[in-house]
$ cat query_19.cif   # mmCIF, C-alpha atoms
data_coords
loop_
_atom_site.label_atom_id
_atom_site.label_comp_id
_atom_site.auth_asym_id
_atom_site.auth_seq_id
_atom_site.Cartn_x
_atom_site.Cartn_y
_atom_site.Cartn_z
CA MET A 1072 33.77 -138.48 -21.91
CA ASP A 1073 30.07 -138.78 -22.76
CA THR A 1074 28.50 -135.53 -23.87
CA LEU A 1075 25.02 -134.19 -24.48
CA LYS A 1076 24.15 -131.70 -27.22
CA ILE A 1077 21.92 -128.86 -26.01
CA HIS A 1078 21.06 -125.99 -28.37
CA THR A 1079 24.12 -126.79 -30.54
CA GLN A 1080 26.44 -126.47 -27.52
CA THR A 1081 28.33 -129.44 -26.13
CA VAL A 1082 27.56 -130.03 -22.45
CA THR A 1083 29.75 -132.59 -20.71
CA LEU A 1084 28.72 -134.80 -17.80
CA VAL A 1085 30.92 -132.64 -15.60
CA ASP A 1086 28.94 -129.56 -16.69
CA GLN A 1087 25.72 -131.34 -15.78
CA VAL A 1088 27.08 -132.43 -12.39
CA GLU A 1089 28.19 -128.88 -11.68
CA ASP A 1090 24.64 -127.66 -12.38
CA LYS A 1091 23.22 -130.42 -10.21
CA PHE A 1092 25.50 -129.43 -7.36
CA LEU A 1093 24.53 -125.75 -7.62
CA ASN A 1094 20.86 -126.76 -7.54
CA TYR A 1095 21.60 -128.98 -4.53
CA ILE A 1096 23.03 -125.94 -2.70
CA LYS A 1097 19.83 -123.99 -3.39
CA GLU A 1098 17.54 -126.88 -2.41
CA LYS A 1099 19.39 -127.44 0.87
CA ASN A 1100 19.57 -123.68 1.49
CA LEU A 1101 23.30 -123.88 2.14
CA HIS A 1102 25.32 -120.72 2.85
CA ALA A 1103 28.99 -119.78 3.03
CA GLY A 1104 30.54 -121.62 5.98
CA ASP A 1105 28.15 -124.56 5.83
CA SER A 1106 29.58 -128.06 5.57
CA ILE A 1107 29.12 -130.11 2.41
CA PRO A 1108 28.64 -133.91 2.49
CA ASN A 1109 31.70 -135.99 1.68
CA GLU A 1110 32.26 -137.22 -1.86
CA LEU A 1111 30.56 -140.58 -1.31
CA GLU A 1112 27.42 -139.04 0.17
CA LEU A 1113 27.34 -136.24 -2.37
CA ALA A 1114 27.78 -138.59 -5.34
CA SER A 1115 24.89 -140.67 -4.01
CA ALA A 1116 22.70 -137.60 -3.44
CA LEU A 1117 23.37 -136.31 -6.96
CA GLY A 1118 23.21 -139.74 -8.57
CA VAL A 1119 26.59 -139.48 -10.26
CA ALA A 1120 29.92 -141.32 -10.29
CA ARG A 1121 32.56 -140.10 -7.83
CA SER A 1122 35.12 -139.62 -10.61
CA VAL A 1123 32.85 -137.17 -12.44
CA LEU A 1124 31.86 -135.49 -9.17
CA ARG A 1125 35.54 -135.00 -8.28
CA GLU A 1126 36.17 -133.10 -11.52
CA ALA A 1127 33.15 -130.87 -10.96
CA LEU A 1128 34.23 -130.15 -7.38
CA SER A 1129 37.73 -129.35 -8.61
CA ARG A 1130 36.28 -126.67 -10.88
CA LEU A 1131 34.29 -125.18 -8.02
CA LYS A 1132 37.37 -125.14 -5.79
CA MET A 1133 39.24 -123.21 -8.47
CA MET A 1134 36.36 -120.73 -8.55
CA GLY A 1135 36.62 -120.29 -4.80
CA MET A 1136 33.22 -121.80 -4.00
CA ILE A 1137 34.54 -124.74 -2.00
CA GLU A 1138 37.36 -125.20 0.49
CA THR A 1139 38.65 -128.27 2.29
CA ARG A 1140 39.40 -127.64 5.95
CA THR A 1141 40.99 -129.84 8.58
CA ARG A 1142 38.43 -131.77 10.64
CA ARG A 1143 35.53 -130.14 8.82
CA GLY A 1144 35.96 -131.55 5.34
CA MET A 1145 34.48 -129.54 2.49
CA ILE A 1146 32.69 -126.30 3.21
CA LEU A 1147 30.90 -123.80 1.03
CA THR A 1148 32.75 -120.50 0.65
CA GLU A 1149 31.94 -117.15 -0.90
CA PRO A 1150 33.99 -116.59 -4.06
CA THR A 1151 35.12 -113.15 -5.15
CA ILE A 1152 32.74 -111.79 -7.77
CA LEU A 1153 35.44 -111.46 -10.42
CA GLY A 1154 37.60 -114.41 -9.38
CA GLY A 1155 36.68 -116.46 -12.43
CA MET A 1156 37.30 -113.50 -14.73
CA LYS A 1157 40.77 -113.02 -13.30
CA ARG A 1158 41.72 -116.56 -14.33
CA VAL A 1159 40.74 -116.17 -17.97
CA ILE A 1160 41.57 -112.55 -18.79
CA ASP A 1161 45.00 -112.93 -20.30
CA PRO A 1162 45.74 -110.56 -23.21
CA ARG A 1163 47.87 -113.24 -24.85
CA ILE A 1164 44.82 -115.43 -25.48
CA LEU A 1165 42.17 -112.76 -26.03
CA SER A 1166 41.25 -111.44 -29.45
CA ASP A 1167 41.83 -107.78 -30.24
CA ASP A 1168 38.05 -107.25 -30.26
CA SER A 1169 37.74 -108.64 -26.73
CA ILE A 1170 40.63 -106.50 -25.53
CA PHE A 1171 39.05 -103.39 -27.07
CA ASP A 1172 35.72 -104.22 -25.40
CA ILE A 1173 37.43 -104.51 -22.01
CA LEU A 1174 39.28 -101.24 -22.60
CA GLY A 1175 36.00 -99.50 -23.46
CA PHE A 1176 34.37 -100.97 -20.37
CA ARG A 1177 37.21 -99.69 -18.19
CA ILE A 1178 36.78 -96.15 -19.55
CA ALA A 1179 33.01 -96.23 -19.02
CA LEU A 1180 33.44 -97.59 -15.49
CA GLU A 1181 35.96 -94.97 -14.45
CA ILE A 1182 33.73 -92.17 -15.71
CA GLY A 1183 30.77 -93.79 -13.98
CA ILE A 1184 32.38 -93.88 -10.52
CA CYS A 1185 32.95 -90.11 -10.33
CA SER A 1186 29.96 -89.49 -8.06
CA ASP A 1187 31.03 -92.28 -5.68
CA ILE A 1188 34.55 -90.83 -5.50
CA PHE A 1189 33.28 -87.40 -4.49
CA ARG A 1190 30.77 -88.90 -2.10
CA ASN A 1191 33.38 -90.90 -0.21
CA ILE A 1192 36.70 -89.09 -0.57
CA THR A 1193 38.39 -87.97 2.66
CA PRO A 1194 41.26 -85.60 3.48
CA GLU A 1195 43.39 -88.70 4.11
CA ASP A 1196 42.63 -89.92 0.57
CA ILE A 1197 43.70 -86.56 -0.83
CA THR A 1198 46.96 -86.76 1.10
CA GLU A 1199 47.63 -90.25 -0.24
CA LEU A 1200 46.87 -89.17 -3.80
CA GLU A 1201 49.21 -86.22 -3.41
CA GLU A 1202 51.99 -88.61 -2.44
CA ILE A 1203 51.17 -90.92 -5.35
CA VAL A 1204 51.27 -88.01 -7.82
CA LYS A 1205 54.47 -86.67 -6.25
CA ILE A 1206 56.39 -89.90 -6.80
CA GLY A 1207 54.68 -90.73 -10.11
CA THR A 1208 56.90 -91.18 -13.11
CA VAL A 1209 55.95 -89.68 -16.47
CA VAL A 1210 57.69 -91.49 -19.31
CA GLY A 1211 56.34 -89.53 -22.27
CA ASN A 1212 53.35 -87.71 -23.73
CA ASN A 1213 50.46 -88.56 -21.39
CA GLU A 1214 52.33 -91.76 -20.50
CA TYR A 1215 53.04 -92.89 -16.96
CA ALA A 1216 55.20 -95.72 -15.71
CA PRO A 1217 52.93 -98.77 -15.19
CA VAL A 1218 53.26 -98.67 -11.40
CA SER A 1219 52.37 -94.95 -11.31
CA GLU A 1220 49.35 -95.44 -13.57
CA TYR A 1221 48.13 -98.43 -11.60
CA THR A 1222 48.62 -96.87 -8.16
CA PHE A 1223 46.80 -93.63 -8.99
CA HIS A 1224 43.75 -95.25 -10.56
CA ALA A 1225 43.65 -98.09 -8.03
CA LYS A 1226 43.34 -95.44 -5.32
CA LEU A 1227 40.39 -93.87 -7.14
CA TYR A 1228 38.70 -97.28 -7.30
CA GLU A 1229 39.43 -97.86 -3.61
CA ILE A 1230 37.81 -94.54 -2.64
CA THR A 1231 34.46 -95.74 -4.03
CA GLY A 1232 34.31 -98.30 -1.21
CA ASN A 1233 33.20 -100.96 -3.71
CA LYS A 1234 35.39 -104.06 -3.44
CA THR A 1235 34.29 -105.44 -6.81
CA ILE A 1236 35.30 -102.23 -8.56
CA SER A 1237 38.68 -102.35 -6.81
CA GLU A 1238 39.12 -105.97 -7.84
CA PHE A 1239 38.43 -105.05 -11.45
CA GLN A 1240 41.35 -102.60 -11.43
CA GLY A 1241 43.69 -105.49 -10.62
CA ILE A 1242 42.26 -107.50 -13.50
CA ILE A 1243 42.40 -104.70 -16.06
CA HIS A 1244 45.99 -103.69 -15.29
CA PRO A 1245 47.66 -106.35 -17.52
CA ILE A 1246 45.27 -105.46 -20.34
CA MET A 1247 46.24 -101.79 -20.16
CA ASP A 1248 49.95 -102.64 -20.19
CA PHE A 1249 49.41 -104.95 -23.16
CA VAL A 1250 47.49 -102.30 -25.14
CA LYS A 1251 50.14 -99.65 -24.49
CA SER A 1252 52.89 -102.01 -25.62
CA LYS A 1253 51.26 -103.68 -28.62
CA PHE A 1254 49.68 -100.51 -30.03
CA LYS A 1255 52.33 -98.01 -29.02
CA GLY A 1256 52.90 -97.00 -32.63
CA LEU A 1257 49.22 -96.04 -32.97
CA LEU A 1258 48.77 -94.43 -29.54
CA GLU A 1259 51.88 -92.27 -29.65
CA PRO A 1260 50.83 -90.05 -32.58
CA ILE A 1261 47.45 -89.42 -30.89
CA ASN A 1262 49.20 -88.42 -27.65
CA ILE A 1263 51.61 -86.11 -29.50
CA GLU A 1264 48.77 -84.42 -31.36
CA MET A 1265 46.79 -83.96 -28.14
CA LYS A 1266 49.81 -82.46 -26.41
CA LYS A 1267 50.32 -79.95 -29.25
CA LYS A 1268 46.70 -78.83 -28.83
CA GLY A 1269 46.95 -78.66 -25.02
CA GLU A 1270 44.40 -81.44 -24.60
CA ILE A 1271 46.38 -83.63 -22.20
CA VAL A 1272 44.87 -84.12 -18.72
CA THR A 1273 47.42 -85.35 -16.18
CA HIS A 1274 47.11 -86.99 -12.78
CA THR A 1275 48.05 -83.63 -11.29
CA ASP A 1276 45.10 -81.99 -13.09
CA LEU A 1277 42.74 -84.68 -11.78
CA LEU A 1278 44.08 -84.32 -8.25
CA ASN A 1279 43.60 -80.55 -8.29
CA LEU A 1280 39.95 -80.96 -9.29
CA LEU A 1281 39.47 -83.47 -6.46
CA LYS A 1282 40.98 -80.99 -4.00
CA LYS A 1283 38.63 -78.25 -5.26
CA GLY A 1284 35.62 -80.54 -4.91
CA ASP A 1285 34.73 -79.88 -8.57
CA GLU A 1286 32.82 -83.04 -9.50
CA ALA A 1287 31.57 -81.80 -12.87
CA GLY A 1288 35.06 -80.60 -13.80
CA PHE A 1289 36.58 -83.89 -12.67
CA ARG A 1290 34.11 -85.94 -14.72
CA LYS A 1291 34.93 -83.92 -17.83
CA ALA A 1292 38.66 -84.17 -17.09
CA ILE A 1293 38.62 -87.95 -16.57
CA GLU A 1294 36.89 -88.32 -19.93
CA GLN A 1295 39.64 -86.22 -21.49
CA HIS A 1296 42.29 -88.22 -19.59
CA PHE A 1297 41.14 -91.30 -21.51
CA GLU A 1298 40.55 -89.46 -24.80
CA VAL A 1299 43.63 -91.06 -26.37
CA TYR A 1300 42.01 -94.48 -25.95
CA ARG A 1301 38.66 -93.21 -27.20
CA ARG A 1302 40.28 -91.95 -30.41
CA PHE A 1303 42.27 -95.15 -30.72
CA LEU A 1304 39.12 -97.29 -30.36
CA ASP A 1305 37.26 -95.11 -32.86
CA SER A 1306 40.10 -95.58 -35.34
CA ARG A 1307 39.78 -99.37 -35.02
CA LYS A 1308 36.09 -99.46 -35.95
#
$ encode --input "query_19.cif" --output "structure tokens"
Amino acid sequence: MDTLKIHTQTVTLVDQVEDKFLNYIKEKNLHAGDSIPNELELASALGVARSVLREALSRLKMMGMIETRTRRGMILTEPTILGGMKRVIDPRILSDDSIFDILGFRIALEIGICSDIFRNITPEDITELEEIVKIGTVVGNNEYAPVSEYTFHAKLYEITGNKTISEFQGIIHPIMDFVKSKFKGLLEPINIEMKKKGEIVTHTDLLNLLKKGDEAGFRKAIEQHFEVYRRFLDSRK
């Protein structure tokens, strides 16, 4: 395929067509739900071959920007904000540095949503968290079964009312499992040392602070809850 070098990066014809199409959407002021011209008309409007256009459209369909519907043809759709990220975040193909960056981002995000949690939490949320904690399975020092860990923190994300934050929890879950498995030998000694010093913060501790309405205490506790990862990341620098 013909390519064009721009600022030392290789840009394919498909990349250029994708950009043209996105500009076309802006120029025509199209919105989610609006119909898109068929391939022949669109190729003519963009001044490109249909074969190249098809590949660009295929990319956009994978991103969730375009759908094909019966009797309507192609329409513009609103993709999920993190949909593209979900397709590429696979710990098997990410470098350790990238995985550590994502882990650090997750910690910062969870600390950052404390105010939203306390602003939005309801008695029904507390009841659900109580049930989650009740059936949660602890498998070791500050270690929960993956489903218990995911369910508890996913509920915290849900309470914020921010769909993008909730979506991120689903993306980060495989990364967390991967880190716990691959670096178990490094995490375990940190957990054991923290337990000896009484520094472990459990889901039960977090729940109790939520029930008390102690936002400052919860923020400090959630930081401590992730302290094992903080120390692990510091040790990798």
$ atom_distance --input "query_19.cif" --atom1 "atom CA of Pro1194 of chain A" --atom2 "atom CA of Ser1219 of chain A"
20.7 Å
$ resolve_selection --input "query_19.cif" --expression "the PyMOL selection byres ((chain A and resi 1201) around 12)" --output "compact mmCIF listing (two decimals) with C-alpha atoms, keeping the file's coordinate frame"
# COMPACT_ATOMS: atom_id res chain seq x y z
CA PRO A 1194 41.26 -85.60 3.48
CA GLU A 1195 43.39 -88.70 4.11
CA ASP A 1196 42.63 -89.92 0.57
CA ILE A 1197 43.70 -86.56 -0.83
CA THR A 1198 46.96 -86.76 1.10
CA GLU A 1199 47.63 -90.25 -0.24
CA LEU A 1200 46.87 -89.17 -3.80
CA GLU A 1202 51.99 -88.61 -2.44
CA ILE A 1203 51.17 -90.92 -5.35
CA VAL A 1204 51.27 -88.01 -7.82
CA LYS A 1205 54.47 -86.67 -6.25
CA ILE A 1206 56.39 -89.90 -6.80
CA GLY A 1207 54.68 -90.73 -10.11
CA THR A 1222 48.62 -96.87 -8.16
CA PHE A 1223 46.80 -93.63 -8.99
CA LYS A 1226 43.34 -95.44 -5.32
CA HIS A 1274 47.11 -86.99 -12.78
CA THR A 1275 48.05 -83.63 -11.29
CA ASP A 1276 45.10 -81.99 -13.09
CA LEU A 1277 42.74 -84.68 -11.78
CA LEU A 1278 44.08 -84.32 -8.25
CA ASN A 1279 43.60 -80.55 -8.29
CA LEU A 1281 39.47 -83.47 -6.46
CA LYS A 1282 40.98 -80.99 -4.00
$ resolve_selection --input "query_19.cif" --expression "the PyMOL selection byres ((chain A and resi 1143-1145) around 12)" --output "PyMOL selection string"
chain A and resi 1103-1110+1113+1128-1129+1131-1132+1135-1142+1146-1148
$ resolve_selection --input "query_19.cif" --expression "the PyMOL selection byres ((chain A and resi 1232) around 12)" --output "PyMOL selection string"
chain A and resi 1184+1186-1193+1196+1225-1231+1233-1238
$ axis_aligned_box --input "query_19.cif" --around "segment 1260-1274 of chain A" --padding-each-side "5 Å" --output "lines of an AutoDock Vina configuration file"
center_x = 48.0
center_y = -84.4
center_z = -22.7
size_x = 17.2
size_y = 21.4
size_z = 29.8
$ residues_around --input "query_19.cif" --residues "segment 1242-1258 of chain A" --least-positions-apart "5" --cutoff "9 Å" --atoms "only C-alpha atoms" --output "ChimeraX atom specification"
/A:1153,1156-1157,1160-1163,1170-1171,1173-1174,1177,1217,1221,1263,1299-1300,1302-1303
$ atom_distance --input "query_19.cif" --atom1 "atom CA of Gly1183 of chain A" --atom2 "atom CA of Thr1151 of chain A"
21.7 Å
$ closest_residue --input "query_19.cif" --among "A:Met1265, A:Leu1084, A:Met1133, A:Leu1101" --to "Ala1120 of chain A" --atoms "all atoms listed in the file"
A:Leu1084
$ atom_distance --input "query_19.cif" --atom1 "atom CA of Ala1127 of chain A" --atom2 "atom CA of Ile1164 of chain A"
24.2 Å
$ closest_residue --input "query_19.cif" --among "A:Asp1305, A:Pro1260, A:Ile1293, A:Leu1124" --to "Ala1179 of chain A" --atoms "only C-alpha atoms"
A:Ile1293
$ decode --input "query_19.cif" --residues "segment 1202-1292 of chain A" --atoms "C-alpha atoms" --output "mmCIF file, in the first residue's frame"
data_model
loop_
_atom_site.group_PDB
_atom_site.id
_atom_site.type_symbol
_atom_site.label_atom_id
_atom_site.label_comp_id
_atom_site.auth_asym_id
_atom_site.auth_seq_id
_atom_site.Cartn_x
_atom_site.Cartn_y
_atom_site.Cartn_z
ATOM 1 C CA GLU A 1202 -23.609 -7.940 50.763
ATOM 2 C CA ILE A 1203 -20.522 -7.792 48.546
ATOM 3 C CA VAL A 1204 -18.223 -7.662 51.582
ATOM 4 C CA LYS A 1205 -20.184 -10.431 53.301
ATOM 5 C CA ILE A 1206 -19.687 -12.889 50.451
ATOM 6 C CA GLY A 1207 -16.180 -11.664 49.579
ATOM 7 C CA THR A 1208 -13.413 -14.216 49.670
ATOM 8 C CA VAL A 1209 -10.043 -13.367 51.212
ATOM 9 C CA VAL A 1210 -7.329 -15.650 49.882
ATOM 10 C CA GLY A 1211 -4.337 -14.290 51.787
ATOM 11 C CA ASN A 1212 -2.651 -11.202 53.207
ATOM 12 C CA ASN A 1213 -4.627 -8.276 51.771
ATOM 13 C CA GLU A 1214 -5.560 -10.542 48.850
ATOM 14 C CA TYR A 1215 -9.101 -11.074 47.628
ATOM 15 C CA ALA A 1216 -10.439 -13.533 45.093
ATOM 16 C CA PRO A 1217 -10.574 -11.740 41.706
ATOM 17 C CA VAL A 1218 -14.378 -11.682 41.613
ATOM 18 C CA SER A 1219 -14.545 -10.198 45.137
ATOM 19 C CA GLU A 1220 -11.959 -7.537 44.327
ATOM 20 C CA TYR A 1221 -13.644 -6.622 41.063
ATOM 21 C CA THR A 1222 -17.187 -6.518 42.460
ATOM 22 C CA PHE A 1223 -16.322 -4.286 45.422
ATOM 23 C CA HIS A 1224 -14.363 -1.712 43.449
ATOM 24 C CA ALA A 1225 -16.731 -1.824 40.472
ATOM 25 C CA LYS A 1226 -19.511 -0.826 42.870
ATOM 26 C CA LEU A 1227 -17.461 2.149 44.072
ATOM 27 C CA TYR A 1228 -16.967 3.237 40.460
ATOM 28 C CA GLU A 1229 -20.678 2.792 39.768
ATOM 29 C CA ILE A 1230 -21.622 5.013 42.722
ATOM 30 C CA THR A 1231 -19.833 7.973 41.102
ATOM 31 C CA GLY A 1232 -22.494 7.982 38.379
ATOM 32 C CA ASN A 1233 -19.768 8.399 35.745
ATOM 33 C CA LYS A 1234 -20.125 5.775 33.011
ATOM 34 C CA THR A 1235 -16.597 6.302 31.689
ATOM 35 C CA ILE A 1236 -15.117 5.659 35.124
ATOM 36 C CA SER A 1237 -17.216 2.486 35.427
ATOM 37 C CA GLU A 1238 -16.068 1.374 31.993
ATOM 38 C CA PHE A 1239 -12.454 1.845 33.013
ATOM 39 C CA GLN A 1240 -12.895 -0.623 35.880
ATOM 40 C CA GLY A 1241 -13.817 -3.307 33.351
ATOM 41 C CA ILE A 1242 -10.708 -2.513 31.324
ATOM 42 C CA ILE A 1243 -8.308 -2.445 34.269
ATOM 43 C CA HIS A 1244 -9.504 -5.735 35.778
ATOM 44 C CA PRO A 1245 -7.346 -8.016 33.555
ATOM 45 C CA ILE A 1246 -4.327 -5.801 34.243
ATOM 46 C CA MET A 1247 -4.784 -6.148 37.994
ATOM 47 C CA ASP A 1248 -5.105 -9.928 37.738
ATOM 48 C CA PHE A 1249 -1.991 -10.059 35.567
ATOM 49 C CA VAL A 1250 0.056 -7.943 37.999
ATOM 50 C CA LYS A 1251 -0.997 -10.057 40.988
ATOM 51 C CA SER A 1252 -0.059 -13.246 39.161
ATOM 52 C CA LYS A 1253 3.174 -12.212 37.455
ATOM 53 C CA PHE A 1254 4.592 -10.287 40.418
ATOM 54 C CA LYS A 1255 3.194 -12.385 43.233
ATOM 55 C CA GLY A 1256 6.666 -13.130 44.549
ATOM 56 C CA LEU A 1257 7.352 -9.394 44.936
ATOM 57 C CA LEU A 1258 3.923 -8.361 46.240
ATOM 58 C CA GLU A 1259 3.601 -11.079 48.857
ATOM 59 C CA PRO A 1260 6.512 -9.967 51.072
ATOM 60 C CA ILE A 1261 5.167 -6.390 51.060
ATOM 61 C CA ASN A 1262 1.718 -7.632 52.108
ATOM 62 C CA ILE A 1263 3.190 -9.804 54.880
ATOM 63 C CA GLU A 1264 5.263 -6.921 56.220
ATOM 64 C CA MET A 1265 2.245 -4.586 56.167
ATOM 65 C CA LYS A 1266 0.138 -7.145 58.005
ATOM 66 C CA LYS A 1267 2.783 -7.514 60.736
ATOM 67 C CA LYS A 1268 2.700 -3.742 61.253
ATOM 68 C CA GLY A 1269 -1.116 -3.586 61.211
ATOM 69 C CA GLU A 1270 -1.128 -1.484 58.049
ATOM 70 C CA ILE A 1271 -3.622 -3.549 56.053
ATOM 71 C CA VAL A 1272 -6.892 -1.811 55.111
ATOM 72 C CA THR A 1273 -9.631 -4.260 54.139
ATOM 73 C CA HIS A 1274 -12.894 -3.892 52.252
ATOM 74 C CA THR A 1275 -14.640 -4.126 55.615
ATOM 75 C CA ASP A 1276 -12.615 -1.143 56.886
ATOM 76 C CA LEU A 1277 -13.540 0.872 53.792
ATOM 77 C CA LEU A 1278 -17.203 -0.043 54.131
ATOM 78 C CA ASN A 1279 -17.283 1.038 57.776
ATOM 79 C CA LEU A 1280 -15.888 4.453 56.865
ATOM 80 C CA LEU A 1281 -18.523 4.800 54.140
ATOM 81 C CA LYS A 1282 -21.245 3.949 56.657
ATOM 82 C CA LYS A 1283 -19.876 6.582 59.071
ATOM 83 C CA GLY A 1284 -19.795 9.206 56.325
ATOM 84 C CA ASP A 1285 -16.099 9.827 57.065
ATOM 85 C CA GLU A 1286 -14.823 11.096 53.719
ATOM 86 C CA ALA A 1287 -11.394 12.194 54.962
ATOM 87 C CA GLY A 1288 -10.902 8.875 56.739
ATOM 88 C CA PHE A 1289 -12.030 6.961 53.662
ATOM 89 C CA ARG A 1290 -9.640 8.853 51.391
ATOM 90 C CA LYS A 1291 -6.734 8.075 53.698
ATOM 91 C CA ALA A 1292 -7.848 4.440 53.992
#
